[in-house]
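To be precise, the following lines are target-v3.cif, and they hold mmCIF, C-alpha atoms.
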data_run
#
loop_
_atom_site.label_atom_id
_atom_site.label_comp_id
_atom_site.auth_asym_id
_atom_site.auth_seq_id
_atom_site.Cartn_x
_atom_site.Cartn_y
_atom_site.Cartn_z
CA MET A 1 0.00 0.00 0.00
CA LYS A 2 1.26 3.47 -0.93
CA ILE A 3 0.77 5.64 2.16
CA ILE A 4 1.15 9.40 2.73
CA ALA A 5 1.82 9.65 6.48
CA ILE A 6 1.18 12.98 8.22
CA VAL A 7 3.98 13.23 10.76
CA SER A 8 4.47 16.13 13.17
CA GLY A 9 7.58 14.73 14.84
CA GLY A 10 5.68 13.88 18.04
CA LEU A 11 5.41 10.60 19.90
CA ASP A 12 2.10 9.61 18.27
CA SER A 13 2.88 10.29 14.63
CA ILE A 14 6.40 8.82 14.74
CA SER A 15 5.06 5.70 16.48
CA MET A 16 2.51 5.49 13.65
CA LEU A 17 5.28 5.80 11.08
CA TYR A 18 7.23 2.91 12.63
CA HIS A 19 3.96 0.97 12.98
CA TYR A 20 3.59 1.03 9.17
CA ALA A 21 7.28 0.88 8.30
CA SER A 22 8.53 -1.87 10.56
CA MET A 23 7.44 -4.55 12.94
CA GLY A 24 9.80 -5.31 15.76
CA GLY A 25 12.55 -3.56 13.83
CA SER A 26 12.33 -5.41 10.50
CA TYR A 27 11.25 -3.40 7.47
CA ARG A 28 7.81 -4.11 5.97
CA PRO A 29 8.23 -4.03 2.19
CA GLU A 30 4.45 -4.15 1.55
CA HIS A 31 4.13 -0.44 2.33
CA GLU A 32 5.61 2.39 0.29
CA ILE A 33 5.55 5.31 2.70
CA SER A 34 6.17 8.99 2.25
CA VAL A 35 6.27 11.46 5.12
CA LEU A 36 4.42 14.77 5.06
CA SER A 37 4.91 17.52 7.64
CA PHE A 38 3.35 20.97 7.96
CA ASP A 39 4.94 24.23 8.96
CA TYR A 40 2.03 26.33 10.21
CA GLY A 41 4.22 28.79 12.08
CA GLN A 42 4.12 26.67 15.22
CA ARG A 43 6.28 27.69 18.14
CA HIS A 44 7.53 24.13 18.53
CA LYS A 45 8.93 24.02 14.99
CA LYS A 46 11.85 21.87 16.13
CA GLU A 47 9.47 18.91 15.99
CA LEU A 48 9.84 19.06 12.18
CA ALA A 49 13.52 18.06 12.48
CA PHE A 50 12.37 14.93 14.34
CA ALA A 51 9.91 14.15 11.54
CA GLU A 52 12.69 14.48 8.97
CA GLN A 53 15.02 12.27 11.01
CA ALA A 54 12.36 9.56 11.27
CA ALA A 55 11.74 9.69 7.52
CA ARG A 56 15.48 9.27 6.92
CA HIS A 57 15.62 6.28 9.26
CA ILE A 58 12.92 4.41 7.38
CA ASP A 59 14.27 5.63 4.03
CA ALA A 60 11.08 7.49 3.08
CA PRO A 61 10.74 10.73 1.08
CA PHE A 62 10.08 13.76 3.31
CA ASP A 63 8.21 16.94 2.42
CA VAL A 64 7.23 19.97 4.47
CA ILE A 65 4.22 21.98 3.33
CA ASP A 66 4.70 25.64 4.17
CA LEU A 67 1.49 27.02 5.64
CA SER A 68 3.26 29.66 7.70
CA GLY A 69 1.44 32.34 5.66
CA LEU A 70 -1.78 31.14 7.30
CA THR A 71 -0.68 32.12 10.79
CA LYS A 72 -1.72 35.74 10.67
CA HIS A 73 -5.18 34.78 9.39
CA ILE A 74 -5.82 31.82 11.61
CA GLY A 75 -4.15 32.96 14.84
CA GLY A 76 -5.65 33.57 18.24
CA ASN A 77 -4.10 30.55 19.91
CA SER A 78 -0.95 29.87 21.85
CA LEU A 79 0.64 27.43 19.38
CA THR A 80 1.32 30.20 16.90
CA ASP A 81 0.84 33.47 18.79
CA SER A 82 2.63 35.22 21.62
CA ILE A 83 0.00 34.00 24.13
CA PRO A 84 1.87 31.90 26.74
CA VAL A 85 1.46 28.12 26.53
CA PRO A 86 -0.55 27.10 29.60
CA ASP A 87 0.88 24.56 32.04
CA GLY A 88 -1.20 21.72 33.37
CA HIS A 89 -3.11 18.69 32.22
CA TYR A 90 -4.72 18.57 28.80
CA ALA A 91 -8.18 17.94 30.20
CA GLU A 92 -8.52 21.50 31.37
CA GLU A 93 -10.57 24.20 29.72
CA ASN A 94 -7.59 26.51 29.23
CA MET A 95 -5.96 23.98 26.89
CA LYS A 96 -8.59 24.96 24.32
CA ILE A 97 -6.43 27.93 23.41
CA THR A 98 -3.77 25.57 22.05
CA VAL A 99 -6.12 24.70 19.18
CA VAL A 100 -5.28 25.86 15.65
CA PRO A 101 -8.77 26.15 14.14
CA ASN A 102 -9.57 23.35 11.71
CA ARG A 103 -5.97 22.14 11.59
CA ASN A 104 -6.69 18.47 10.88
CA ALA A 105 -9.16 19.18 8.06
CA ILE A 106 -6.62 21.56 6.47
CA MET A 107 -3.70 19.10 6.73
CA LEU A 108 -5.80 16.14 5.58
CA SER A 109 -7.27 17.92 2.55
CA ILE A 110 -3.78 18.91 1.39
CA ALA A 111 -2.51 15.36 2.02
CA TYR A 112 -5.41 14.03 -0.08
CA GLY A 113 -4.50 16.41 -2.92
CA ILE A 114 -0.95 15.07 -2.82
CA ALA A 115 -2.23 11.49 -2.59
CA VAL A 116 -4.27 11.99 -5.77
CA ALA A 117 -1.30 13.58 -7.56
CA ARG A 118 0.95 10.64 -6.56
CA GLN A 119 -1.76 7.99 -6.97
CA ALA A 120 -1.36 6.87 -3.38
CA ASP A 121 -3.73 4.42 -1.70
CA ALA A 122 -4.03 6.03 1.70
CA VAL A 123 -3.42 9.01 3.94
CA ALA A 124 -2.52 8.19 7.56
CA ILE A 125 -2.92 10.42 10.61
CA ALA A 126 -2.14 9.63 14.25
CA VAL A 127 -5.20 11.04 16.00
CA HIS A 128 -5.88 9.15 19.22
CA ALA A 129 -8.50 8.68 21.91
CA GLY A 130 -6.70 10.91 24.40
CA ASP A 131 -7.36 13.94 22.20
CA HIS A 132 -11.08 13.36 21.81
CA PHE A 133 -12.16 15.30 24.84
CA ILE A 134 -10.93 18.70 23.67
CA TYR A 135 -10.37 18.39 19.92
CA PRO A 136 -13.46 17.56 17.81
CA ASP A 137 -11.25 16.99 14.74
CA CYS A 138 -9.53 14.05 16.48
CA ARG A 139 -12.76 12.09 16.93
CA GLU A 140 -13.84 9.15 14.78
CA GLU A 141 -17.08 10.88 13.76
CA PHE A 142 -14.88 13.56 12.18
CA THR A 143 -12.42 11.18 10.49
CA LYS A 144 -15.22 8.97 9.09
CA SER A 145 -17.03 12.06 7.81
CA PHE A 146 -13.81 13.41 6.33
CA GLU A 147 -13.17 10.16 4.43
CA GLU A 148 -16.74 10.20 3.07
CA MET A 149 -16.35 13.81 1.97
CA GLN A 150 -13.09 12.97 0.20
CA ASN A 151 -14.62 10.00 -1.59
CA LYS A 152 -17.03 12.50 -3.13
CA ALA A 153 -14.41 15.19 -3.78
CA ILE A 154 -11.99 12.97 -5.72
CA ASN A 155 -14.56 10.64 -7.28
CA GLY A 156 -13.11 9.52 -10.62
CA PHE A 157 -9.63 10.89 -9.87
CA GLY A 158 -8.40 8.58 -7.13
CA ASN A 159 -9.29 6.10 -4.45
CA VAL A 160 -7.66 7.06 -1.17
CA ARG A 161 -8.43 5.59 2.25
CA LEU A 162 -7.99 7.46 5.50
CA LEU A 163 -5.97 5.41 8.00
CA THR A 164 -6.35 6.26 11.68
CA PRO A 165 -4.61 3.31 13.39
CA PHE A 166 -4.64 4.93 16.85
CA ILE A 167 -8.17 6.39 16.86
CA GLU A 168 -9.22 4.08 19.71
CA SER A 169 -5.85 4.03 21.46
CA SER A 170 -4.92 5.95 24.57
CA LYS A 171 -1.53 7.61 24.63
CA SER A 172 -0.17 4.75 26.79
CA ASP A 173 -1.48 2.24 24.20
CA ILE A 174 0.51 4.18 21.61
CA VAL A 175 3.66 3.85 23.73
CA LEU A 176 3.12 0.07 23.81
CA LYS A 177 2.40 -0.14 20.07
CA GLY A 178 5.31 2.17 19.31
CA GLN A 179 7.61 0.01 21.40
CA ALA A 180 6.47 -3.13 19.56
CA ALA A 181 7.30 -1.42 16.26
CA GLY A 182 10.79 -0.45 17.44
CA THR A 183 10.14 3.31 17.69
CA PRO A 184 13.14 5.27 19.04
CA PHE A 185 11.11 7.41 21.48
CA ILE A 186 14.11 9.59 22.28
CA GLU A 187 13.87 10.81 18.68
CA THR A 188 10.34 12.23 19.09
CA TRP A 189 9.33 15.69 20.28
CA SER A 190 6.15 16.56 22.20
CA CYS A 191 6.68 19.84 24.08
CA TYR A 192 4.68 22.85 22.89
CA LYS A 193 7.21 25.35 24.25
CA GLY A 194 10.06 24.61 21.82
CA LEU A 195 12.91 24.93 24.34
CA ASP A 196 16.14 22.88 24.10
CA ILE A 197 14.66 20.06 26.16
CA HIS A 198 11.07 19.09 27.03
CA CYS A 199 9.68 21.58 29.61
CA GLY A 200 7.91 18.82 31.56
CA ALA A 201 5.02 21.11 32.55
CA CYS A 202 2.90 21.95 29.48
CA GLY A 203 -0.12 19.83 28.50
CA THR A 204 1.74 17.58 26.06
CA CYS A 205 4.69 17.06 28.43
CA VAL A 206 2.37 16.06 31.30
CA GLU A 207 0.54 13.72 28.95
CA ARG A 208 3.80 12.25 27.61
CA LYS A 209 5.15 11.50 31.11
CA GLU A 210 1.83 9.93 32.10
CA ALA A 211 1.71 7.75 28.97
CA PHE A 212 5.08 6.11 29.66
CA LEU A 213 4.16 5.68 33.33
CA LEU A 214 0.80 4.02 32.56
CA ALA A 215 2.37 1.83 29.84
CA GLY A 216 5.12 0.70 32.22
CA VAL A 217 7.73 1.63 29.61
CA LYS A 218 10.89 3.49 30.59
CA ASP A 219 10.64 7.14 29.51
CA PRO A 220 13.93 8.13 27.81
CA THR A 221 13.02 11.85 27.73
CA THR A 222 14.99 14.52 29.61
CA TYR A 223 12.58 17.06 31.13
CA LEU A 224 13.38 20.54 32.49
CA ARG A 225 11.21 19.72 35.53
CA MET B 1 -24.38 37.56 8.41
CA LYS B 2 -20.57 37.56 8.55
CA ILE B 3 -19.41 35.84 5.35
CA ILE B 4 -15.96 34.71 4.18
CA ALA B 5 -16.30 34.70 0.36
CA ILE B 6 -13.83 32.63 -1.67
CA VAL B 7 -13.18 34.74 -4.75
CA SER B 8 -10.86 33.76 -7.59
CA GLY B 9 -11.44 36.88 -9.65
CA GLY B 10 -13.52 35.01 -12.23
CA LEU B 11 -17.03 35.73 -13.50
CA ASP B 12 -18.71 33.29 -11.09
CA SER B 13 -17.06 34.29 -7.83
CA ILE B 14 -17.23 38.05 -8.46
CA SER B 15 -20.91 37.73 -9.40
CA MET B 16 -21.37 35.86 -6.11
CA LEU B 17 -19.60 38.65 -4.25
CA TYR B 18 -21.91 41.30 -5.74
CA HIS B 19 -24.87 38.99 -5.10
CA TYR B 20 -24.14 39.15 -1.35
CA ALA B 21 -22.82 42.72 -1.24
CA SER B 22 -25.42 44.53 -3.27
CA MET B 23 -28.74 44.18 -4.94
CA GLY B 24 -29.25 46.24 -8.06
CA GLY B 25 -26.31 48.39 -7.05
CA SER B 26 -27.37 49.36 -3.51
CA TYR B 27 -25.25 48.04 -0.65
CA ARG B 28 -26.77 45.39 1.65
CA PRO B 29 -25.73 46.28 5.19
CA GLU B 30 -26.99 42.96 6.62
CA HIS B 31 -23.88 41.18 5.38
CA GLU B 32 -20.34 41.76 6.62
CA ILE B 33 -18.20 40.27 3.88
CA SER B 34 -14.51 39.53 3.65
CA VAL B 35 -12.83 38.29 0.48
CA LEU B 36 -10.41 35.37 0.46
CA SER B 37 -8.27 34.43 -2.55
CA PHE B 38 -5.71 31.68 -3.04
CA ASP B 39 -2.39 31.77 -4.80
CA TYR B 40 -1.71 28.15 -5.69
CA GLY B 41 0.89 28.95 -8.32
CA GLN B 42 -1.75 29.20 -11.03
CA ARG B 43 -0.69 30.39 -14.45
CA HIS B 44 -3.62 32.82 -14.55
CA LYS B 45 -2.47 34.64 -11.41
CA LYS B 46 -3.70 37.96 -12.83
CA GLU B 47 -7.21 36.92 -11.77
CA LEU B 48 -6.14 37.74 -8.19
CA ALA B 49 -5.87 41.44 -9.11
CA PHE B 50 -9.51 41.30 -10.21
CA ALA B 51 -10.49 39.73 -6.88
CA GLU B 52 -8.68 42.51 -5.04
CA GLN B 53 -10.34 45.19 -7.16
CA ALA B 54 -13.79 43.72 -6.47
CA ALA B 55 -13.09 43.64 -2.73
CA ARG B 56 -12.06 47.31 -2.87
CA HIS B 57 -15.25 48.21 -4.74
CA ILE B 58 -17.49 46.70 -2.07
CA ASP B 59 -15.21 47.97 0.71
CA ALA B 60 -14.39 44.48 2.03
CA PRO B 61 -11.12 43.25 3.58
CA PHE B 62 -9.06 41.19 1.10
CA ASP B 63 -6.59 38.43 1.89
CA VAL B 64 -4.57 36.09 -0.33
CA ILE B 65 -3.51 32.76 1.12
CA ASP B 66 -0.18 31.73 -0.32
CA LEU B 67 -0.31 28.07 -1.26
CA SER B 68 2.29 28.40 -4.01
CA GLY B 69 4.54 26.03 -2.03
CA LEU B 70 2.01 23.29 -2.77
CA THR B 71 2.54 23.43 -6.51
CA LYS B 72 5.55 21.14 -6.71
CA HIS B 73 3.77 18.52 -4.59
CA ILE B 74 0.36 18.69 -6.17
CA GLY B 75 1.28 19.34 -9.81
CA GLY B 76 0.62 17.26 -12.87
CA ASN B 77 -1.98 19.56 -14.36
CA SER B 78 -1.94 22.42 -16.82
CA LEU B 79 -3.10 25.14 -14.41
CA THR B 80 0.19 25.10 -12.57
CA ASP B 81 2.64 23.17 -14.79
CA SER B 82 4.23 23.76 -18.16
CA ILE B 83 1.70 21.45 -19.85
CA PRO B 84 -0.15 23.56 -22.46
CA VAL B 85 -3.72 24.62 -21.61
CA PRO B 86 -5.96 22.71 -24.03
CA ASP B 87 -8.35 24.62 -26.31
CA GLY B 88 -11.94 23.57 -26.72
CA HIS B 89 -15.12 23.13 -24.76
CA TYR B 90 -15.02 22.20 -21.09
CA ALA B 91 -17.07 19.07 -21.62
CA GLU B 92 -14.19 17.25 -23.19
CA GLU B 93 -12.06 14.59 -21.58
CA ASN B 94 -8.83 16.51 -22.06
CA MET B 95 -10.10 19.30 -19.80
CA LYS B 96 -9.56 16.90 -16.92
CA ILE B 97 -5.90 17.91 -16.92
CA THR B 98 -6.88 21.43 -15.82
CA VAL B 99 -7.86 20.01 -12.43
CA VAL B 100 -5.77 20.84 -9.37
CA PRO B 101 -6.36 17.73 -7.21
CA ASN B 102 -8.69 18.40 -4.30
CA ARG B 103 -8.56 22.16 -4.75
CA ASN B 104 -12.01 22.97 -3.39
CA ALA B 105 -11.60 20.85 -0.24
CA ILE B 106 -8.23 22.53 0.41
CA MET B 107 -9.55 26.07 -0.09
CA LEU B 108 -12.73 25.42 1.89
CA SER B 109 -10.96 23.85 4.86
CA ILE B 110 -8.63 26.86 5.12
CA ALA B 111 -11.58 29.25 4.76
CA TYR B 112 -13.34 27.37 7.58
CA GLY B 113 -10.25 27.74 9.79
CA ILE B 114 -10.30 31.49 9.16
CA ALA B 115 -14.07 31.60 9.72
CA VAL B 116 -13.63 30.01 13.14
CA ALA B 117 -10.77 32.41 14.02
CA ARG B 118 -12.93 35.40 13.00
CA GLN B 119 -16.19 33.97 14.38
CA ALA B 120 -17.84 34.24 10.98
CA ASP B 121 -21.24 32.73 10.21
CA ALA B 122 -20.58 31.38 6.75
CA VAL B 123 -18.12 30.51 4.01
CA ALA B 124 -19.32 31.11 0.45
CA ILE B 125 -18.06 29.47 -2.74
CA ALA B 126 -19.30 29.96 -6.31
CA VAL B 127 -19.40 26.36 -7.55
CA HIS B 128 -22.03 25.97 -10.25
CA ALA B 129 -23.93 23.36 -12.23
CA GLY B 130 -21.79 23.81 -15.35
CA ASP B 131 -18.78 22.40 -13.51
CA HIS B 132 -20.50 19.26 -12.26
CA PHE B 133 -19.73 17.11 -15.25
CA ILE B 134 -15.94 17.13 -14.87
CA TYR B 135 -15.26 18.33 -11.32
CA PRO B 136 -16.60 16.11 -8.52
CA ASP B 137 -15.74 18.79 -5.94
CA CYS B 138 -18.22 21.20 -7.55
CA ARG B 139 -21.21 18.88 -7.02
CA GLU B 140 -23.81 19.31 -4.29
CA GLU B 141 -23.11 15.85 -2.87
CA PHE B 142 -19.57 17.10 -2.19
CA THR B 143 -20.56 20.49 -0.73
CA LYS B 144 -23.23 18.93 1.52
CA SER B 145 -20.76 16.32 2.70
CA PHE B 146 -18.11 18.99 3.26
CA GLU B 147 -20.46 21.07 5.42
CA GLU B 148 -21.37 17.95 7.48
CA MET B 149 -17.68 17.13 7.96
CA GLN B 150 -16.98 20.70 9.09
CA ASN B 151 -19.84 20.64 11.59
CA LYS B 152 -18.04 17.73 13.21
CA ALA B 153 -14.55 19.23 12.90
CA ILE B 154 -15.36 22.56 14.59
CA ASN B 155 -18.03 21.29 16.98
CA GLY B 156 -17.84 23.51 20.06
CA PHE B 157 -15.58 26.09 18.41
CA GLY B 158 -17.87 27.68 15.84
CA ASN B 159 -21.00 27.41 13.78
CA VAL B 160 -20.26 28.07 10.13
CA ARG B 161 -22.59 27.42 7.20
CA LEU B 162 -21.40 26.65 3.69
CA LEU B 163 -23.12 28.92 1.16
CA THR B 164 -23.27 27.72 -2.45
CA PRO B 165 -25.73 30.17 -4.03
CA PHE B 166 -24.99 29.04 -7.62
CA ILE B 167 -24.84 25.27 -7.08
CA GLU B 168 -27.91 24.74 -9.30
CA SER B 169 -27.20 27.61 -11.68
CA SER B 170 -25.79 27.30 -15.17
CA LYS B 171 -23.10 29.79 -16.18
CA SER B 172 -25.72 31.78 -18.13
CA ASP B 173 -27.93 31.89 -15.00
CA ILE B 174 -24.93 33.37 -13.18
CA VAL B 175 -24.60 36.08 -15.85
CA LEU B 176 -28.27 36.98 -15.27
CA LYS B 177 -27.92 36.94 -11.48
CA GLY B 178 -24.65 38.85 -11.68
CA GLN B 179 -26.29 41.48 -13.88
CA ALA B 180 -29.17 41.86 -11.40
CA ALA B 181 -26.62 42.46 -8.63
CA GLY B 182 -24.80 45.12 -10.64
CA THR B 183 -21.63 43.08 -11.31
CA PRO B 184 -19.10 44.92 -13.52
CA PHE B 185 -18.35 41.92 -15.76
CA ILE B 186 -15.49 43.73 -17.48
CA GLU B 187 -13.70 43.56 -14.13
CA THR B 188 -13.70 39.75 -13.99
CA TRP B 189 -11.12 37.37 -15.44
CA SER B 190 -11.81 33.86 -16.74
CA CYS B 191 -9.02 32.86 -19.15
CA TYR B 192 -6.68 30.08 -18.00
CA LYS B 193 -3.81 31.26 -20.22
CA GLY B 194 -3.01 34.48 -18.37
CA LEU B 195 -2.28 36.63 -21.46
CA ASP B 196 -3.02 40.40 -21.59
CA ILE B 197 -6.54 39.79 -22.87
CA HIS B 198 -8.83 36.73 -22.80
CA CYS B 199 -7.58 34.18 -25.37
CA GLY B 200 -11.10 33.28 -26.46
CA ALA B 201 -10.20 29.64 -27.16
CA CYS B 202 -9.50 27.83 -23.87
CA GLY B 203 -12.25 25.98 -21.98
CA THR B 204 -13.17 28.87 -19.68
CA CYS B 205 -13.16 31.44 -22.51
CA VAL B 206 -15.45 29.28 -24.66
CA GLU B 207 -17.71 28.79 -21.67
CA ARG B 208 -17.69 32.52 -20.84
CA LYS B 209 -18.66 33.53 -24.39
CA GLU B 210 -21.42 30.93 -24.44
CA ALA B 211 -22.80 32.09 -21.06
CA PHE B 212 -23.30 35.69 -22.22
CA LEU B 213 -24.79 34.47 -25.50
CA LEU B 214 -27.28 32.13 -23.81
CA ALA B 215 -28.19 34.78 -21.21
CA GLY B 216 -28.80 37.38 -23.92
CA VAL B 217 -26.52 39.79 -22.08
CA LYS B 218 -23.94 41.87 -23.96
CA ASP B 219 -20.43 40.43 -23.39
CA PRO B 220 -18.08 43.32 -22.58
CA THR B 221 -14.95 41.11 -22.85
CA THR B 222 -12.25 41.66 -25.49
CA TYR B 223 -11.04 38.29 -26.79
CA LEU B 224 -7.86 37.52 -28.76
CA ARG B 225 -9.99 35.40 -31.14
#
Encoding of this model in structure tokens:
Amino acid sequence: MKIIAIVSGGLDSISMLYHYASMGGSYRPEHEISVLSFDYGQRHKKELAFAEQAARHIDAPFDVIDLSGLTKHIGGNSLTDSIPVPDGHYAEENMKITVVPNRNAIMLSIAYGIAVARQADAVAIAVHAGDHFIYPDCREEFTKSFEEMQNKAINGFGNVRLLTPFIESSKSDIVLKGQAAGTPFIETWSCYKGLDIHCGACGTCVERKEAFLLAGVKDPTTYLR
Amino acid sequence: MKIIAIVSGGLDSISMLYHYASMGGSYRPEHEISVLSFDYGQRHKKELAFAEQAARHIDAPFDVIDLSGLTKHIGGNSLTDSIPVPDGHYAEENMKITVVPNRNAIMLSIAYGIAVARQADAVAIAVHAGDHFIYPDCREEFTKSFEEMQNKAINGFGNVRLLTPFIESSKSDIVLKGQAAGTPFIETWSCYKGLDIHCGACGTCVERKEAFLLAGVKDPTTYLR
């Protein structure tokens, strides 16, 4: 299967990449994977270097789509603006301001355009159950609806499935699945603050720590606190 | 109603803009309109100047989203590549190569992101019945499905309708509706070739000529042939 994988450089998307590329470390030749990242002016842009590194490791083509021109139109949130990133657990109301409006629909529709141009079979995205509470565009009712919409949009031009292998997985499930696929977790980036090391206090850092703890897998990450 | 109008600078989208902005030349204060254009590396980029001019005329904010970085990933068609634009009527198989894969889904998802950021009520796009035959993403089954998908994607963050006022209109119907709204047709651009004047031979030029003829409205356009 020819797969366009949307990879941010985070724990989830790189685990997904290894999930399709390898099983227990051995390469799976049945998938031809290419890696797609997005630069939407995010503060934690260093995650893109982790996406590129992962693509290199599995010998996949890597492309970054530059959407940084969108930032000034689509701002009003702390991932792209000068609003401070809030500390604390994801499941708090103030984490809503980390949302880039409609980000998944935008990334997926561009990935589908590329999939049609390259005659790929599938687009893959690492949305997971832990994101459902706050982000409507990480829920299965969205991803199913998106796939239906795309079937209509590219009818006659391509046949592209939407793969969401982690849609029912918790973040700790992803750690277990990522481990089984041989994912080098140290080469993934979660923190929203974009410092030299993970801050250990923002929503994604708290969630990352918790995921390793719940999975019973040693966390190789160095945190500021 | 606060409307984000997707305007290419062509006959259809500028007629739609005047349709919402004015009726018979008088301004309709019930709508607060902003104009959104896309630069996707199209050969006929001069149409964007017509979009900007129309926005100025109705005193609406104008923004261009730069997607030109997409071109090299999403190419393979004559709107953005060096493949010659075919002459002839739209309803011919070779016009398929003028398609930018998934263009409407990409533009609409970005417009929805902006609509959420600006707390707008609607996104408007000028897809019409004449495009249904070749372009699946101009059909009502696509636009309905897109609106449903978006309701799920932005659930809790916004409430944005998708307006498709011309979805059942032929191009000649649009000429009549555009005329009723006081559209200055001379300030619209259709030709795919991007010369100084309309070429008169490409698919959109043939269609444009035919629309004025069928509507019985004088065509103010100067054509090369």
Which residues of chain A are close to chain B, meaning at most 9 Å apart when you count all atoms listed in the file, and how do they look as a PyMOL selection string?
-> chain A and resi 63+65-70+73-76+100-110+112-118+135-139+141-146+148-157
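Using only C-alpha atoms, the shortest contact distance between Tyr18 of chain A and any of A:Lys45, A:Val123, A:Lys2, A:Ala181 is found at A:Ala181.
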What do you get, as a ChimeraX atom specification, if you spell out every residue that the PyMOL selection byres ((chain B and resi 52) around 12) selects here?
-> /B:6-10,14,17,34-38,45-51,53-64,187-189
Just how far from atom CA of Asp173 of chain A is atom CA of Ala129 of chain A, in Å to one decimal?
->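 Answer for the atom CA of Ala129 of chain A to atom CA of Asp173 of chain A separation: 9.8 Å.
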Counting only C-alpha atoms, note down every residue that has an atom within 10 Å of the point (4.5, 1.1, 10.1) (file coordinates), as a PDB file with C-alpha atoms, in the frame of the given file.
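File written: part.pdb
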ATOM      1  CA  ILE A   3       0.770   5.640   2.160  1.00  0.00           C
ATOM      2  CA  ALA A   5       1.820   9.650   6.480  1.00  0.00           C
ATOM      3  CA  ILE A  14       6.400   8.820  14.740  1.00  0.00           C
ATOM      4  CA  SER A  15       5.060   5.700  16.480  1.00  0.00           C
ATOM      5  CA  MET A  16       2.510   5.490  13.650  1.00  0.00           C
ATOM      6  CA  LEU A  17       5.280   5.800  11.080  1.00  0.00           C
ATOM      7  CA  TYR A  18       7.230   2.910  12.630  1.00  0.00           C
ATOM      8  CA  HIS A  19       3.960   0.970  12.980  1.00  0.00           C
ATOM      9  CA  TYR A  20       3.590   1.030   9.170  1.00  0.00           C
ATOM     10  CA  ALA A  21       7.280   0.880   8.300  1.00  0.00           C
ATOM     11  CA  SER A  22       8.530  -1.870  10.560  1.00  0.00           C
ATOM     12  CA  MET A  23       7.440  -4.550  12.940  1.00  0.00           C
ATOM     13  CA  TYR A  27      11.250  -3.400   7.470  1.00  0.00           C
ATOM     14  CA  ARG A  28       7.810  -4.110   5.970  1.00  0.00           C
ATOM     15  CA  HIS A  31       4.130  -0.440   2.330  1.00  0.00           C
ATOM     16  CA  GLU A  32       5.610   2.390   0.290  1.00  0.00           C
ATOM     17  CA  ILE A  33       5.550   5.310   2.700  1.00  0.00           C
ATOM     18  CA  ILE A  58      12.920   4.410   7.380  1.00  0.00           C
ATOM     19  CA  PRO A 165      -4.610   3.310  13.390  1.00  0.00           C
ATOM     20  CA  GLY A 178       5.310   2.170  19.310  1.00  0.00           C
ATOM     21  CA  ALA A 181       7.300  -1.420  16.260  1.00  0.00           C
ATOM     22  CA  GLY A 182      10.790  -0.450  17.440  1.00  0.00           C
ATOM     23  CA  THR A 183      10.140   3.310  17.690  1.00  0.00           C
TER      24      THR A 183
END
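Atom CA of Val217 of chain B to atom CA of Leu163 of chain B spans 25.9 Å [interatomic distance, one decimal].
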